[in-house]
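Enquirer: target_13.pdb (PDB, C-alpha atoms) pasted underneath:
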```
ATOM      1  CA  MET U   1      -6.950 -22.335   1.557
ATOM      2  CA  ALA U   2      -3.857 -20.847  -0.079
ATOM      3  CA  LEU U   3      -4.232 -19.158  -3.454
ATOM      4  CA  LYS U   4      -1.224 -18.645  -5.687
ATOM      5  CA  LEU U   5      -1.202 -16.085  -8.479
ATOM      6  CA  TYR U   6       1.325 -15.444 -11.234
ATOM      7  CA  ASN U   7       2.610 -11.940 -10.551
ATOM      8  CA  THR U   8       3.888 -10.111 -13.643
ATOM      9  CA  LEU U   9       5.961  -7.859 -11.382
ATOM     10  CA  THR U  10       8.033 -10.696  -9.897
ATOM     11  CA  LYS U  11       7.686 -13.106 -12.852
ATOM     12  CA  SER U  12       6.718 -15.891 -10.457
ATOM     13  CA  LYS U  13       3.802 -17.554  -8.717
ATOM     14  CA  GLU U  14       3.226 -16.185  -5.223
ATOM     15  CA  GLU U  15       0.846 -16.983  -2.419
ATOM     16  CA  PHE U  16      -1.730 -14.224  -2.193
ATOM     17  CA  ARG U  17      -1.720 -12.326   1.079
ATOM     18  CA  PRO U  18      -4.040  -9.319   1.305
ATOM     19  CA  ILE U  19      -2.952  -5.957   2.676
ATOM     20  CA  ASN U  20      -5.967  -5.921   4.985
ATOM     21  CA  PRO U  21      -7.027  -9.313   6.410
ATOM     22  CA  GLY U  22     -10.242 -10.594   4.842
ATOM     23  CA  LYS U  23     -10.391  -7.840   2.212
ATOM     24  CA  VAL U  24      -9.210  -7.533  -1.393
ATOM     25  CA  GLY U  25      -8.836  -4.321  -3.397
ATOM     26  CA  MET U  26      -8.881  -4.874  -7.184
ATOM     27  CA  TYR U  27      -8.433  -2.375 -10.001
ATOM     28  CA  VAL U  28      -9.406  -3.501 -13.496
ATOM     29  CA  CYS U  29      -8.294  -1.569 -16.573
ATOM     30  CA  GLY U  30     -11.688  -0.912 -18.148
ATOM     31  CA  PRO U  31     -12.692   0.068 -21.670
ATOM     32  CA  THR U  32     -11.946   3.138 -23.724
ATOM     33  CA  VAL U  33     -15.514   3.838 -24.771
ATOM     34  CA  TYR U  34     -15.217   4.573 -28.485
ATOM     35  CA  ASP U  35     -16.023   1.263 -30.205
ATOM     36  CA  TYR U  36     -17.567  -2.173 -29.828
ATOM     37  CA  LEU U  37     -15.854  -4.906 -27.815
ATOM     38  CA  HIS U  38     -14.314  -8.049 -29.273
ATOM     39  CA  PRO U  39     -13.805 -11.432 -27.535
ATOM     40  CA  GLY U  40     -10.221 -10.527 -26.642
ATOM     41  CA  ASN U  41     -11.435  -7.544 -24.610
ATOM     42  CA  LEU U  42     -14.065  -9.608 -22.871
ATOM     43  CA  LEU U  43     -11.571 -12.343 -22.000
ATOM     44  CA  SER U  44      -9.613  -9.871 -19.877
ATOM     45  CA  TYR U  45     -12.761  -8.818 -18.005
ATOM     46  CA  MET U  46     -13.748 -12.469 -17.550
ATOM     47  CA  THR U  47     -10.348 -13.192 -15.996
ATOM     48  CA  ALA U  48     -10.871 -10.421 -13.449
ATOM     49  CA  ASP U  49     -14.438 -11.582 -12.815
ATOM     50  CA  THR U  50     -13.343 -15.182 -12.215
ATOM     51  CA  LEU U  51     -10.673 -14.029  -9.796
ATOM     52  CA  ARG U  52     -13.169 -11.870  -7.924
ATOM     53  CA  ARG U  53     -15.710 -14.686  -7.694
ATOM     54  CA  TYR U  54     -13.094 -17.052  -6.295
ATOM     55  CA  PHE U  55     -12.014 -14.540  -3.677
ATOM     56  CA  GLU U  56     -15.656 -14.134  -2.658
ATOM     57  CA  TYR U  57     -16.011 -17.932  -2.545
ATOM     58  CA  LEU U  58     -13.062 -18.012  -0.150
ATOM     59  CA  GLY U  59     -14.844 -15.492   2.053
ATOM     60  CA  TYR U  60     -13.026 -12.292   1.167
ATOM     61  CA  GLU U  61     -14.778  -8.948   0.961
ATOM     62  CA  VAL U  62     -13.819  -7.687  -2.505
ATOM     63  CA  ARG U  63     -13.824  -4.094  -3.703
ATOM     64  CA  MET U  64     -13.503  -3.969  -7.489
ATOM     65  CA  ILE U  65     -12.925  -0.738  -9.399
ATOM     66  CA  LYS U  66     -13.253  -0.783 -13.195
ATOM     67  CA  ASN U  67     -12.504   2.534 -14.865
ATOM     68  CA  ILE U  68     -14.171   4.054 -17.902
ATOM     69  CA  THR U  69     -11.667   5.857 -20.132
ATOM     70  CA  ASP U  70     -13.584   8.658 -21.826
ATOM     71  CA  VAL U  71     -10.679  10.983 -22.666
ATOM     72  CA  GLY U  72      -6.932  10.891 -23.229
ATOM     73  CA  HIS U  73      -6.412   7.440 -24.778
ATOM     74  CA  LEU U  74      -4.581   8.221 -28.018
ATOM     75  CA  THR U  75      -4.588   6.234 -31.234
ATOM     76  CA  GLU U  76      -0.882   5.338 -31.300
ATOM     77  CA  ASP U  77      -0.851   3.503 -27.970
ATOM     78  CA  ASP U  78       1.220   0.659 -29.424
ATOM     79  CA  ILE U  79       4.308   2.794 -30.033
ATOM     80  CA  ALA U  80       6.221   5.476 -28.154
ATOM     81  CA  GLN U  81       4.847   6.032 -24.656
ATOM     82  CA  GLY U  82       1.153   5.938 -25.497
ATOM     83  CA  ASP U  83       1.015   9.716 -25.908
ATOM     84  CA  SER U  84       0.990  10.015 -29.694
ATOM     85  CA  GLY U  85      -1.826  10.358 -32.202
ATOM     86  CA  ASP U  86      -5.416  11.522 -31.868
ATOM     87  CA  ASP U  87      -7.804  10.984 -28.979
ATOM     88  CA  LYS U  88      -9.749   7.827 -29.884
ATOM     89  CA  ILE U  89     -13.103   9.192 -28.709
ATOM     90  CA  ALA U  90     -12.654  12.611 -30.327
ATOM     91  CA  LYS U  91     -11.628  10.953 -33.598
ATOM     92  CA  LYS U  92     -14.726   8.753 -33.523
ATOM     93  CA  ALA U  93     -16.914  11.780 -32.750
ATOM     94  CA  LEU U  94     -15.603  13.677 -35.772
ATOM     95  CA  ARG U  95     -16.184  10.677 -38.022
ATOM     96  CA  GLU U  96     -19.726  10.111 -36.725
ATOM     97  CA  LYS U  97     -20.542  13.859 -36.581
ATOM     98  CA  LYS U  98     -21.420  13.549 -32.896
ATOM     99  CA  THR U  99     -20.043  14.991 -29.675
ATOM    100  CA  PRO U 100     -17.426  13.071 -27.676
ATOM    101  CA  LYS U 101     -19.956  12.844 -24.837
ATOM    102  CA  GLU U 102     -22.502  11.160 -27.126
ATOM    103  CA  ILE U 103     -19.891   8.639 -28.314
ATOM    104  CA  ALA U 104     -18.694   7.883 -24.778
ATOM    105  CA  GLU U 105     -22.202   7.492 -23.347
ATOM    106  CA  PHE U 106     -23.327   5.185 -26.162
ATOM    107  CA  PHE U 107     -20.359   2.832 -25.878
ATOM    108  CA  GLU U 108     -20.296   2.883 -22.084
ATOM    109  CA  ASP U 109     -23.933   1.755 -22.086
ATOM    110  CA  TYR U 110     -23.073  -0.919 -24.664
ATOM    111  CA  PHE U 111     -20.144  -2.084 -22.502
ATOM    112  CA  HIS U 112     -22.336  -2.558 -19.431
ATOM    113  CA  LYS U 113     -24.915  -4.497 -21.454
ATOM    114  CA  ALA U 114     -22.198  -6.716 -22.967
ATOM    115  CA  GLU U 115     -20.811  -7.592 -19.539
ATOM    116  CA  GLU U 116     -24.298  -8.303 -18.236
ATOM    117  CA  LYS U 117     -25.026 -10.566 -21.206
ATOM    118  CA  ILE U 118     -22.089 -12.848 -20.405
ATOM    119  CA  ASN U 119     -22.824 -12.722 -16.658
ATOM    120  CA  ILE U 120     -19.863 -10.661 -15.483
ATOM    121  CA  GLU U 121     -20.601  -9.237 -12.044
ATOM    122  CA  LYS U 122     -20.793  -5.454 -11.873
ATOM    123  CA  ALA U 123     -17.793  -3.686 -10.415
ATOM    124  CA  HIS U 124     -18.471  -1.721  -7.262
ATOM    125  CA  TYR U 125     -17.487   1.528  -8.986
ATOM    126  CA  PHE U 126     -17.058   2.534 -12.621
ATOM    127  CA  PRO U 127     -15.200   5.863 -12.324
ATOM    128  CA  ARG U 128     -14.963   7.973 -15.465
ATOM    129  CA  ALA U 129     -11.720   9.724 -16.336
ATOM    130  CA  THR U 130     -13.482  13.006 -17.129
ATOM    131  CA  ALA U 131     -14.908  13.102 -13.587
ATOM    132  CA  HIS U 132     -11.453  12.864 -12.009
ATOM    133  CA  ILE U 133      -9.506  15.671 -13.677
ATOM    134  CA  PRO U 134      -8.929  17.456 -10.290
ATOM    135  CA  GLN U 135      -7.343  14.299  -8.835
ATOM    136  CA  MET U 136      -5.055  14.018 -11.874
ATOM    137  CA  ILE U 137      -4.013  17.663 -11.606
ATOM    138  CA  LYS U 138      -3.195  17.175  -7.917
ATOM    139  CA  ILE U 139      -0.874  14.248  -8.689
ATOM    140  CA  ILE U 140       0.797  16.022 -11.627
ATOM    141  CA  PHE U 141       1.355  19.177  -9.575
ATOM    142  CA  ARG U 142       3.031  17.137  -6.827
ATOM    143  CA  LEU U 143       5.209  15.253  -9.334
ATOM    144  CA  ILE U 144       6.472  18.585 -10.670
ATOM    145  CA  GLU U 145       7.167  19.771  -7.108
ATOM    146  CA  LYS U 146       9.136  16.599  -6.359
ATOM    147  CA  GLY U 147      11.214  16.922  -9.548
ATOM    148  CA  TYR U 148       9.803  13.893 -11.341
ATOM    149  CA  ALA U 149       7.921  15.903 -13.976
ATOM    150  CA  TYR U 150       8.442  19.108 -15.956
ATOM    151  CA  GLU U 151       6.295  21.549 -17.909
ATOM    152  CA  ILE U 152       7.197  23.017 -21.284
ATOM    153  CA  ASN U 153       4.810  25.093 -23.440
ATOM    154  CA  GLY U 154       1.753  23.902 -21.530
ATOM    155  CA  ASN U 155       2.709  20.227 -21.815
ATOM    156  CA  VAL U 156       3.777  18.209 -18.761
ATOM    157  CA  PHE U 157       5.966  15.126 -19.036
ATOM    158  CA  PHE U 158       7.217  12.548 -16.557
ATOM    159  CA  ASP U 159      11.021  12.383 -16.556
ATOM    160  CA  VAL U 160      11.765   8.662 -16.709
ATOM    161  CA  THR U 161      15.432   9.240 -15.825
ATOM    162  CA  LYS U 162      14.386  10.378 -12.332
ATOM    163  CA  PHE U 163      12.605   7.099 -11.476
ATOM    164  CA  THR U 164      15.297   4.495 -10.976
ATOM    165  CA  ASP U 165      12.917   1.514 -10.933
ATOM    166  CA  TYR U 166      11.455   2.260 -14.367
ATOM    167  CA  GLY U 167      11.101  -0.964 -16.340
ATOM    168  CA  LYS U 168      10.657  -3.316 -13.377
ATOM    169  CA  LEU U 169       7.288  -4.571 -14.650
ATOM    170  CA  SER U 170       7.918  -4.880 -18.396
ATOM    171  CA  GLY U 171      11.697  -5.155 -18.617
ATOM    172  CA  ASN U 172      11.772  -1.981 -20.715
ATOM    173  CA  THR U 173      14.402  -0.292 -18.596
ATOM    174  CA  LEU U 174      15.915   2.995 -19.675
ATOM    175  CA  GLU U 175      18.887   1.125 -21.141
ATOM    176  CA  ASN U 176      16.591  -1.089 -23.232
ATOM    177  CA  LEU U 177      14.507   1.892 -24.373
ATOM    178  CA  LYS U 178      17.639   3.640 -25.590
ATOM    179  CA  VAL U 179      18.535   0.617 -27.694
ATOM    180  CA  GLY U 180      15.374  -0.755 -29.231
ATOM    181  CA  ALA U 181      12.096   1.013 -28.482
ATOM    182  CA  ARG U 182      10.083   2.978 -31.049
ATOM    183  CA  LEU U 183       9.880   6.385 -29.407
ATOM    184  CA  GLU U 184       8.442   9.674 -30.551
ATOM    185  CA  GLU U 185      10.724  12.722 -30.619
ATOM    186  CA  HIS U 186       8.234  15.227 -29.197
ATOM    187  CA  PRO U 187       9.721  18.762 -29.441
ATOM    188  CA  ASP U 188       8.945  19.497 -25.773
ATOM    189  CA  LYS U 189      10.331  16.275 -24.307
ATOM    190  CA  LYS U 190      13.704  16.374 -22.595
ATOM    191  CA  ASN U 191      14.106  12.688 -23.445
ATOM    192  CA  PRO U 192      12.200  10.691 -26.091
ATOM    193  CA  TRP U 193      11.341   8.030 -23.474
ATOM    194  CA  ASP U 194       9.538  10.509 -21.187
ATOM    195  CA  PHE U 195       5.733  10.219 -21.215
ATOM    196  CA  ALA U 196       2.913  12.753 -21.153
ATOM    197  CA  LEU U 197       1.001  13.604 -17.994
ATOM    198  CA  TRP U 198      -0.820  16.582 -19.524
ATOM    199  CA  LEU U 199      -1.018  17.786 -23.133
ATOM    200  CA  LYS U 200      -1.937  21.234 -24.367
ATOM    201  CA  ALA U 201      -4.924  20.944 -26.694
ATOM    202  CA  PRO U 202      -4.838  22.367 -30.215
ATOM    203  CA  LYS U 203      -7.550  24.933 -30.942
ATOM    204  CA  GLU U 204      -9.600  22.409 -32.919
ATOM    205  CA  HIS U 205      -9.403  19.701 -30.232
ATOM    206  CA  LEU U 206     -12.856  18.643 -29.039
ATOM    207  CA  MET U 207     -12.002  17.733 -25.435
ATOM    208  CA  LYS U 208     -10.358  20.427 -23.287
ATOM    209  CA  PHE U 209     -10.022  20.971 -19.555
ATOM    210  CA  GLU U 210      -8.621  23.817 -17.451
ATOM    211  CA  SER U 211      -5.336  23.160 -15.669
ATOM    212  CA  PRO U 212      -2.498  25.223 -14.147
ATOM    213  CA  TRP U 213      -0.439  24.572 -17.283
ATOM    214  CA  SER U 214      -2.796  24.883 -20.233
ATOM    215  CA  LEU U 215      -6.242  24.271 -21.607
ATOM    216  CA  GLY U 216      -5.711  20.651 -22.474
ATOM    217  CA  TYR U 217      -6.308  17.038 -21.535
ATOM    218  CA  PRO U 218      -4.634  14.367 -19.397
ATOM    219  CA  GLY U 219      -2.340  11.636 -20.591
ATOM    220  CA  TRP U 220      -3.855   8.151 -20.608
ATOM    221  CA  HIS U 221      -1.578   6.771 -17.888
ATOM    222  CA  ILE U 222      -2.229   9.400 -15.207
ATOM    223  CA  GLU U 223      -5.947   8.663 -15.304
ATOM    224  CA  CYS U 224      -5.639   5.170 -13.815
ATOM    225  CA  SER U 225      -3.226   6.335 -11.110
ATOM    226  CA  ALA U 226      -5.693   9.030 -10.046
ATOM    227  CA  MET U 227      -8.754   6.781 -10.070
ATOM    228  CA  SER U 228      -7.144   3.772  -8.398
ATOM    229  CA  SER U 229      -5.725   5.826  -5.537
ATOM    230  CA  GLU U 230      -9.039   7.660  -5.107
ATOM    231  CA  TYR U 231     -10.965   4.421  -4.501
ATOM    232  CA  LEU U 232      -8.336   1.958  -3.246
ATOM    233  CA  GLY U 233      -5.582   4.053  -1.658
ATOM    234  CA  ASP U 234      -1.923   4.526  -2.559
ATOM    235  CA  THR U 235      -1.208   0.776  -2.275
ATOM    236  CA  PHE U 236      -3.663  -1.982  -3.127
ATOM    237  CA  ASP U 237      -3.751  -5.717  -3.710
ATOM    238  CA  ILE U 238      -4.375  -6.525  -7.378
ATOM    239  CA  HIS U 239      -4.281  -4.705 -10.717
ATOM    240  CA  THR U 240      -5.524  -6.585 -13.794
ATOM    241  CA  GLY U 241      -5.548  -5.953 -17.531
ATOM    242  CA  GLY U 242      -4.552  -7.395 -20.866
ATOM    243  CA  GLU U 243      -0.897  -8.144 -21.554
ATOM    244  CA  ASP U 244      -0.855  -5.272 -24.053
ATOM    245  CA  ASN U 245      -1.270  -2.918 -21.071
ATOM    246  CA  ILE U 246       2.018  -3.981 -19.467
ATOM    247  CA  PHE U 247       3.985  -1.447 -21.511
ATOM    248  CA  PRO U 248       3.746   1.444 -21.621
ATOM    249  CA  HIS U 249       0.498   1.868 -19.669
ATOM    250  CA  HIS U 250       1.088  -0.121 -16.485
ATOM    251  CA  GLU U 251       4.799   0.649 -16.408
ATOM    252  CA  ALA U 252       3.946   4.358 -16.460
ATOM    253  CA  GLU U 253       1.283   3.885 -13.775
ATOM    254  CA  ILE U 254       3.872   2.376 -11.437
ATOM    255  CA  ALA U 255       6.408   5.143 -12.058
ATOM    256  CA  GLN U 256       4.077   8.092 -11.530
ATOM    257  CA  SER U 257       2.165   6.511  -8.621
ATOM    258  CA  GLU U 258       5.251   5.470  -6.650
ATOM    259  CA  ALA U 259       7.026   8.746  -7.393
ATOM    260  CA  TYR U 260       3.969  10.603  -6.113
ATOM    261  CA  SER U 261       3.258   8.605  -2.947
ATOM    262  CA  GLY U 262       6.653   7.167  -2.078
ATOM    263  CA  LYS U 263       4.910   3.819  -1.530
ATOM    264  CA  LYS U 264       4.598   0.559  -3.447
ATOM    265  CA  PHE U 265       1.716   0.906  -5.907
ATOM    266  CA  VAL U 266       0.365  -2.642  -6.394
ATOM    267  CA  ASN U 267       1.293  -5.978  -4.823
ATOM    268  CA  PHE U 268       0.005  -8.322  -7.568
ATOM    269  CA  TRP U 269      -0.148  -7.577 -11.293
ATOM    270  CA  VAL U 270      -2.350 -10.148 -13.069
ATOM    271  CA  HIS U 271      -2.395  -9.954 -16.861
ATOM    272  CA  THR U 272      -4.478 -11.866 -19.385
ATOM    273  CA  ARG U 273      -2.691 -13.248 -22.423
ATOM    274  CA  PHE U 274      -3.915 -12.353 -25.910
ATOM    275  CA  LEU U 275      -6.723 -14.413 -27.368
ATOM    276  CA  LEU U 276      -5.240 -15.864 -30.541
ATOM    277  CA  ILE U 277      -7.200 -16.731 -33.677
ATOM    278  CA  ASP U 278      -5.144 -18.641 -36.253
ATOM    279  CA  GLY U 279      -2.051 -17.536 -34.377
ATOM    280  CA  LYS U 280      -2.911 -13.843 -34.509
ATOM    281  CA  LYS U 281      -4.074 -11.475 -31.775
ATOM    282  CA  MET U 282      -7.851 -11.050 -31.642
ATOM    283  CA  SER U 283      -8.498  -7.316 -32.131
TER     284      SER U 283
END
```
Take the structure from the file and write it as structure tokens.
Expert:
Amino acid sequence: MALKLYNTLTKSKEEFRPINPGKVGMYVCGPTVYDYLHPGNLLSYMTADTLRRYFEYLGYEVRMIKNITDVGHLTEDDIAQGDSGDDKIAKKALREKKTPKEIAEFFEDYFHKAEEKINIEKAHYFPRATAHIPQMIKIIFRLIEKGYAYEINGNVFFDVTKFTDYGKLSGNTLENLKVGARLEEHPDKKNPWDFALWLKAPKEHLMKFESPWSLGYPGWHIECSAMSSEYLGDTFDIHTGGEDNIFPHHEAEIAQSEAYSGKKFVNFWVHTRFLLIDGKKMS
């Protein structure tokens, strides 16, 4: 039985053909564990769950990875390149007078219970970003070696001008970014449209990790590239998420992953539209 999926990458419906016969590798953009879920979040996870169940019904062996973002997702992810603002978990920890670990553990547990309550099947792995810092450092180091990234003052940025296919998922090509995007003029960026792979942590920052460049923390985008490749390989079948992840998050994932491996990152990008209440995004 043929299954057709709308692929955000090609902007068309395509017949699904797995990389490995009889098997499907799926990566689901999971939660940033700093707050309670809303129905819009759950809709995206339900979409992925429905797709998985149908693949299993068709007889495929599915491997689903759903990451837990417990560091590096900054508050101003709707502007610039997702590398502006405060860390969402650290900010919540300061407000609640708790440690980031306590915040992350509480909301990760809540997330699992919420999925169980609405009968979403458990993913096969729930990798945490904080447990994959070495994998991120390995990718960043290689990107610098290959000339796709640069380090200034302990910060490492991906040079978008070096990746000619940038914008192929979202349509936000370099030309379009120059014209209309809201971009942050970070003092260490060569170009305002470059995005952070690693950021040097201020002294007061609650979440810091050792790296060859500084005591700091990873950018949000590099986390998913590291975790997906760790569990699914350099190229896999399906990547899902909400439509708000298309840019900059998934666009950045493609750029850094393909620049690193020299291979196509994902064959099918499946995004869930916003859940609208009275015409407005549920959030």
Enquirer: Please compute the atom CA of U:His132-atom CA of U:Ser84 distance, one decimal, in Å.
Expert: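 It comes out at 21.8 Å.
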Enquirer: Which neighbours of stretch 243-260 of chain U fall inside 7 Å, counting all atoms listed in the file, when residues of the same chain fewer than 5 positions from it are skipped, and could you give them as a PyMOL selection string?
Expert: chain U and resi 81-82+139+142-143+163+166-167+169-170+221-222+225+265+271-274
Enquirer: Find the distance between atom CA of U:Gln135 and atom CA of U:Ser211 and write it in Å to one decimal.
Expert: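 Interatomic distance, atom CA of U:Gln135 to atom CA of U:Ser211: 11.4 Å.
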Enquirer: Written as a VMD selection string, what is the full residue list that the PyMOL selection byres ((chain U and resi 161) around 12) yields on the file shown?
Expert: chain U and resid 147 to 149 157 to 160 162 to 167 173 to 175 177 to 178 190 to 195 255 259
Enquirer: Quick one: apply the PyMOL selection byres ((chain U and resi 15-22) around 9) to the file and drop the selected residues here as an mmCIF file with C-alpha atoms, in the coordinates of the input.
Expert:
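Done, and the output landed in part.cif:
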```cif
data_model
loop_
_atom_site.group_PDB
_atom_site.id
_atom_site.type_symbol
_atom_site.label_atom_id
_atom_site.label_comp_id
_atom_site.auth_asym_id
_atom_site.auth_seq_id
_atom_site.Cartn_x
_atom_site.Cartn_y
_atom_site.Cartn_z
ATOM 1 C CA ALA U 2 -3.857 -20.847 -0.079
ATOM 2 C CA LEU U 3 -4.232 -19.158 -3.454
ATOM 3 C CA LYS U 4 -1.224 -18.645 -5.687
ATOM 4 C CA LEU U 5 -1.202 -16.085 -8.479
ATOM 5 C CA TYR U 6 1.325 -15.444 -11.234
ATOM 6 C CA LYS U 13 3.802 -17.554 -8.717
ATOM 7 C CA GLU U 14 3.226 -16.185 -5.223
ATOM 8 C CA LYS U 23 -10.391 -7.840 2.212
ATOM 9 C CA VAL U 24 -9.210 -7.533 -1.393
ATOM 10 C CA GLY U 25 -8.836 -4.321 -3.397
ATOM 11 C CA GLY U 59 -14.844 -15.492 2.053
ATOM 12 C CA TYR U 60 -13.026 -12.292 1.167
ATOM 13 C CA GLU U 61 -14.778 -8.948 0.961
ATOM 14 C CA VAL U 62 -13.819 -7.687 -2.505
ATOM 15 C CA THR U 235 -1.208 0.776 -2.275
ATOM 16 C CA PHE U 236 -3.663 -1.982 -3.127
ATOM 17 C CA ASP U 237 -3.751 -5.717 -3.710
ATOM 18 C CA ASN U 267 1.293 -5.978 -4.823
ATOM 19 C CA PHE U 268 0.005 -8.322 -7.568
#
```
Enquirer: I'd like to know which of U:Val270, U:Met64, U:Cys224, U:Ile238 is closest to U:Ala123, using only C-alpha atoms.
Expert: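 Of U:Val270, U:Met64, U:Cys224, U:Ile238, the one nearest U:Ala123 is U:Met64, counting only C-alpha atoms.
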Enquirer: Pick the closest to U:Ile144 from U:Thr130, U:Gly171, U:Thr32, U:Trp198: which is it, counting all atoms listed in the file?
Expert: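 Using all atoms listed in the file, U:Ile144 sits closest to U:Trp198.
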Enquirer: Quick one: distance from atom CA of U:Phe107 to atom CA of U:Met227 in Å, one decimal?
Expert: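 Taking atom CA of U:Phe107 as the start and atom CA of U:Met227 as the end point, the length is 20.0 Å.
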Enquirer: Please tell me which residues are no farther than 12 Å from (-21.6, -8.0, -20.6) in the file, counting all atoms listed in the file, and write them as a list in words.
Expert: Tyr36, Leu37, His38, Pro39, Asn41, Leu42, Leu43, Tyr45, Met46, Asp49, Glu108, Asp109, Tyr110, Phe111, His112, Lys113, Ala114, Glu115, Glu116, Lys117, Ile118, Asn119, Ile120, Glu121, Lys122 and Ala123 of chain U
Enquirer: Since we have the selection now, will you write its residues out, keeping C-alpha atoms, as a PDB file, in the frame of the given file?
Expert:
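Written out: part-v8.pdb:
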```pdb
ATOM      1  CA  TYR U  36     -17.567  -2.173 -29.828  1.00  0.00           C
ATOM      2  CA  LEU U  37     -15.854  -4.906 -27.815  1.00  0.00           C
ATOM      3  CA  HIS U  38     -14.314  -8.049 -29.273  1.00  0.00           C
ATOM      4  CA  PRO U  39     -13.805 -11.432 -27.535  1.00  0.00           C
ATOM      5  CA  ASN U  41     -11.435  -7.544 -24.610  1.00  0.00           C
ATOM      6  CA  LEU U  42     -14.065  -9.608 -22.871  1.00  0.00           C
ATOM      7  CA  LEU U  43     -11.571 -12.343 -22.000  1.00  0.00           C
ATOM      8  CA  TYR U  45     -12.761  -8.818 -18.005  1.00  0.00           C
ATOM      9  CA  MET U  46     -13.748 -12.469 -17.550  1.00  0.00           C
ATOM     10  CA  ASP U  49     -14.438 -11.582 -12.815  1.00  0.00           C
ATOM     11  CA  GLU U 108     -20.296   2.883 -22.084  1.00  0.00           C
ATOM     12  CA  ASP U 109     -23.933   1.755 -22.086  1.00  0.00           C
ATOM     13  CA  TYR U 110     -23.073  -0.919 -24.664  1.00  0.00           C
ATOM     14  CA  PHE U 111     -20.144  -2.084 -22.502  1.00  0.00           C
ATOM     15  CA  HIS U 112     -22.336  -2.558 -19.431  1.00  0.00           C
ATOM     16  CA  LYS U 113     -24.915  -4.497 -21.454  1.00  0.00           C
ATOM     17  CA  ALA U 114     -22.198  -6.716 -22.967  1.00  0.00           C
ATOM     18  CA  GLU U 115     -20.811  -7.592 -19.539  1.00  0.00           C
ATOM     19  CA  GLU U 116     -24.298  -8.303 -18.236  1.00  0.00           C
ATOM     20  CA  LYS U 117     -25.026 -10.566 -21.206  1.00  0.00           C
ATOM     21  CA  ILE U 118     -22.089 -12.848 -20.405  1.00  0.00           C
ATOM     22  CA  ASN U 119     -22.824 -12.722 -16.658  1.00  0.00           C
ATOM     23  CA  ILE U 120     -19.863 -10.661 -15.483  1.00  0.00           C
ATOM     24  CA  GLU U 121     -20.601  -9.237 -12.044  1.00  0.00           C
ATOM     25  CA  LYS U 122     -20.793  -5.454 -11.873  1.00  0.00           C
ATOM     26  CA  ALA U 123     -17.793  -3.686 -10.415  1.00  0.00           C
TER      27      ALA U 123
END
```
Enquirer: Identify, on the basis of all atoms listed in the file, every residue whose closest approach to U:Lys92 does not exceed 12 Å; exclude the query and any residue fewer than 6 positions from it along the same chain; express the result as a PyMOL selection string.
Expert: chain U and resi 32-36+70-71+74-75+86+98-104+106-107+206
Enquirer: Any chance you could resolve the PyMOL selection byres ((chain U and resi 72) around 8) against this file and give the residues as a list in words?
Expert: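 Checking the PyMOL selection byres ((chain U and resi 72) around 8) against this file, the residues are Thr69, Asp70, Val71, His73, Leu74, Asp87, Lys88, Tyr217, Pro218, Gly219 and Trp220 of chain U.
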Enquirer: Quick one: residues within 7 Å of U:Lys200, all atoms listed in the file counted, chain neighbours fewer than 6 positions away excluded, as number ranges by chain?
Expert: U: 154-155, 214-217
Enquirer: Please provide the set of residues having any atom within 6 Å of U:Val28, restricted to all atoms listed in the file, with same-chain residues fewer than 4 positions apart removed, written as a VMD selection string.
Expert: chain U and resid 66 239 to 240
Enquirer: Report the centre and edge lengths, in Å to one decimal, of an axis-aligned box enclosing every atom of stretch 246-264 of chain U listed in the file, padded by 3 Å on each side, as AutoDock Vina command-line options.
Expert:
```
--center_x 3.8 --center_y 3.3 --center_z -11.6 --size_x 12.5 --size_y 20.6 --size_z 26.1
```
Enquirer: Considering all atoms listed in the file, state which residue in the set U:Tyr125, U:Tyr150, U:Trp213, U:Tyr27 is at the smallest distance from U:Gly233.
Expert: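 Using all atoms listed in the file, the shortest distance to U:Gly233 belongs to U:Tyr27.
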